[in-house]
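Worksheet: the structure to be examined is printed underneath.
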Amino acid sequence: MKPLLFVILSGCLALGAVAQESAPVTLEPIPAETVELDDFRWEKRPVVVFADSPNDPAFRTQLQYLAEDPDELIKRDVVILTDTDPSALSDARRRLRPRGFSMVLLDKDGAVKLRKPLPWRVREIVRAIDKFPLRREELRMKRLGDG
């Protein structure tokens, strides 16, 4: 009886591990009006996507692009913030002052590193992040820690 119980429990654990591995990774956007930009300082790199309406085609395209490859963004500690209500005056909107559609990338120190009036693919965003001095320092420290 004990060997049979062991086999059953082992099978259940294996199935649980496979289910966890196959679950798709997502990076859910956070409404900008629910957070302050300073909440992410030294922890995350905010990508703030602005539009005057959630129906803006550029806004929808940008969110689609960001959803296509969340793994690369997660590796770089990116958090996605969205703001489609100019009248709400979120902290991000007050500080970054967008006009219409805009994609703004901040580094972990809170500095604006990139502003784009058109949607950017994850590959382009990742390349930009990898050129940031803070990102290069992170990679250098990781290599030193692993070596």
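FYI, nothing fancy with the structure tokens labels: chains A, B, ... in order, residues from 1 per chain, ligands from 1 as they appear.
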
Determine which residues of stretch 105-135 of chain A receive a DSSP assignment of strand (DSSP E or B), computed from the backbone, and state them as a tab-separated table (two decimals) with all heavy atoms, in the first residue's frame.
```tsv
chain	number	residue	atom	x	y	z
A	105	LEU	N	9.38	55.65	-20.85
A	105	LEU	CA	10.16	54.65	-20.13
A	105	LEU	C	11.02	55.36	-19.09
A	105	LEU	O	11.76	56.28	-19.42
A	105	LEU	CB	11.04	53.87	-21.11
A	105	LEU	CG	12.05	52.89	-20.55
A	105	LEU	CD1	11.37	51.80	-19.72
A	105	LEU	CD2	12.86	52.28	-21.68
A	106	LEU	N	10.89	54.92	-17.84
A	106	LEU	CA	11.69	55.47	-16.75
A	106	LEU	C	12.66	54.41	-16.26
A	106	LEU	O	12.36	53.21	-16.32
A	106	LEU	CB	10.80	55.91	-15.58
A	106	LEU	CG	9.91	57.12	-15.81
A	106	LEU	CD1	8.63	56.74	-16.50
A	106	LEU	CD2	9.62	57.79	-14.50
A	112	VAL	N	13.37	59.92	-16.53
A	112	VAL	CA	12.78	59.62	-17.83
A	112	VAL	C	13.92	59.33	-18.80
A	112	VAL	O	14.80	60.15	-19.00
A	112	VAL	CB	11.92	60.79	-18.34
A	112	VAL	CG1	11.43	60.52	-19.76
A	112	VAL	CG2	10.74	61.03	-17.41
A	113	LYS	N	13.90	58.16	-19.40
A	113	LYS	CA	14.95	57.76	-20.33
A	113	LYS	C	14.50	57.78	-21.77
A	113	LYS	O	15.32	57.87	-22.67
A	113	LYS	CB	15.47	56.36	-19.98
A	113	LYS	CG	16.14	56.27	-18.64
A	113	LYS	CD	17.42	57.07	-18.64
A	113	LYS	CE	18.20	56.86	-17.37
A	113	LYS	NZ	19.46	57.56	-17.39
A	114	LEU	N	13.19	57.68	-21.99
A	114	LEU	CA	12.70	57.58	-23.36
A	114	LEU	C	11.25	58.03	-23.42
A	114	LEU	O	10.45	57.67	-22.55
A	114	LEU	CB	12.79	56.10	-23.78
A	114	LEU	CG	12.53	55.70	-25.19
A	114	LEU	CD1	13.61	56.23	-26.12
A	114	LEU	CD2	12.49	54.18	-25.29
A	115	ARG	N	10.92	58.83	-24.44
A	115	ARG	CA	9.54	59.23	-24.74
A	115	ARG	C	9.30	58.94	-26.21
A	115	ARG	O	10.07	59.36	-27.05
A	115	ARG	CB	9.34	60.72	-24.52
A	115	ARG	CG	9.31	61.15	-23.09
A	115	ARG	CD	9.11	62.68	-23.04
A	115	ARG	NE	9.13	63.16	-21.70
A	115	ARG	CZ	8.06	63.31	-20.94
A	115	ARG	NH1	6.87	63.03	-21.42
A	115	ARG	NH2	8.17	63.75	-19.70
A	116	LYS	N	8.22	58.24	-26.50
A	116	LYS	CA	7.91	57.89	-27.88
A	116	LYS	C	6.46	58.23	-28.20
A	116	LYS	O	5.56	57.89	-27.44
A	116	LYS	CB	8.17	56.40	-28.14
A	116	LYS	CG	9.63	56.05	-28.10
A	116	LYS	CD	10.36	56.74	-29.23
A	116	LYS	CE	11.85	56.64	-29.11
A	116	LYS	NZ	12.55	57.41	-30.10
```

With 10 Å as the cut-off and only C-alpha atoms counted, what is the closest atom pair between each nearby residue of stretch 89-130 of chain A and stretch 35-40 of chain A? Distances in Å to one decimal, ordered by chain and number, as a tab-separated table.
```
residue	atom	partner	partner_atom	distance
A:Ser90	CA	A:Glu36	CA	8.0
A:Asp91	CA	A:Glu36	CA	5.7
A:Ala92	CA	A:Leu37	CA	6.3
A:Arg95	CA	A:Leu37	CA	8.8
A:Leu106	CA	A:Leu37	CA	9.4
A:Asp107	CA	A:Phe40	CA	9.6
A:Lys108	CA	A:Phe40	CA	7.1
A:Asp109	CA	A:Phe40	CA	8.8
A:Gly110	CA	A:Asp38	CA	7.2
```

Original post:
At what distance in Å, to one decimal, does atom CA of A:Phe132 lie from atom CA of A:Met103?
Top reply: 17.1 Å

Subject >> Residue neighbourhood A:Leu66, 8 Å, only C-alpha atoms, exclusion window fewer than 4 positions, as a list in words >> reply: Gln62, Pro70, Arg121 and Val122 of chain A

Selected residues written out with N, CA, C and O atoms, as a PDB file, in the first residue's frame:
```pdb
ATOM      1  N   GLN A  62       0.209  49.353 -28.559  1.00  0.00           N
ATOM      2  CA  GLN A  62       1.315  49.303 -27.593  1.00  0.00           C
ATOM      3  C   GLN A  62       1.081  48.208 -26.561  1.00  0.00           C
ATOM      4  O   GLN A  62       2.001  47.450 -26.236  1.00  0.00           O
ATOM      5  N   PRO A  70       6.492  39.176 -22.571  1.00  0.00           N
ATOM      6  CA  PRO A  70       6.646  39.683 -21.205  1.00  0.00           C
ATOM      7  C   PRO A  70       7.911  39.184 -20.504  1.00  0.00           C
ATOM      8  O   PRO A  70       8.420  39.859 -19.618  1.00  0.00           O
ATOM      9  N   ARG A 121       7.962  48.101 -30.079  1.00  0.00           N
ATOM     10  CA  ARG A 121       7.977  46.669 -29.781  1.00  0.00           C
ATOM     11  C   ARG A 121       8.890  46.391 -28.600  1.00  0.00           C
ATOM     12  O   ARG A 121       9.773  47.173 -28.273  1.00  0.00           O
ATOM     13  N   VAL A 122       8.679  45.254 -27.961  1.00  0.00           N
ATOM     14  CA  VAL A 122       9.472  44.863 -26.793  1.00  0.00           C
ATOM     15  C   VAL A 122      10.956  44.828 -27.141  1.00  0.00           C
ATOM     16  O   VAL A 122      11.795  45.270 -26.353  1.00  0.00           O
TER      17      VAL A 122
END
```

Original post:
Can you tell me, as number ranges by chain, what residues are no more than 8 Å from stretch 83-89 of chain A when counting only C-alpha atoms, ignoring any on the same chain fewer than 3 positions away?
Top reply: A: 31-33, 48-54, 92-94

Subject >> Length of the atom CA of A:Glu72 to atom CA of A:Arg99 vector [Å] >> reply: 28.0 Å

Original post:
Taking the backbone alone, and naming residues the way the document does, which bits of chain A are alpha helix (DSSP H) by DSSP, as a ChimeraX atom specification?
Top reply: /A:2-22,57-68,70-75,91-96,122-130,133-146

Original post:
In terms of the shortest atom-to-atom distance over only C-alpha atoms, which of A:Glu28, A:Glu137, A:Glu43, A:Asp69 is closest to A:Thr82?
Top reply: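 Of all the options, A:Glu28 lies closest to A:Thr82.
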
**OP:** For each of A:Leu27, A:Val104, A:Leu118, A:Ala128, take the minimum atom-to-atom distance to A:Thr61, counting only C-alpha atoms, then give the residue where this is smallest.
**Re:**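 Looking at the shortest contact to A:Thr61, the residue is A:Leu118.
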
Subject >> One-decimal distance in Å that lies between atom CA of A:Arg97 and atom CA of A:Asp77 >> reply: 23.7 Å

Original post:
Looking at only C-alpha atoms, which of A:Arg76, A:Arg143, A:Lys44, A:Arg60 is the one that sits closest to A:Arg127?
Top reply: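 Answer, going by the shortest atom-to-atom distance: A:Arg76.
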
**OP:** Check the smallest atom-to-atom distance from each of A:Asp71, A:Asp56, A:Asp130, A:Glu138 to A:Ser102 using only C-alpha atoms, then report the winner.
**Re:**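 Among the listed residues, the smallest separation from A:Ser102 belongs to A:Asp56.
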
Subject >> Residue nearest A:Glu124 among A:Tyr65, A:Arg140, A:Leu81, A:Ala111 (counting only C-alpha atoms) >> reply: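 Looking only at the distances to A:Glu124, the closest residue turns out to be A:Tyr65.
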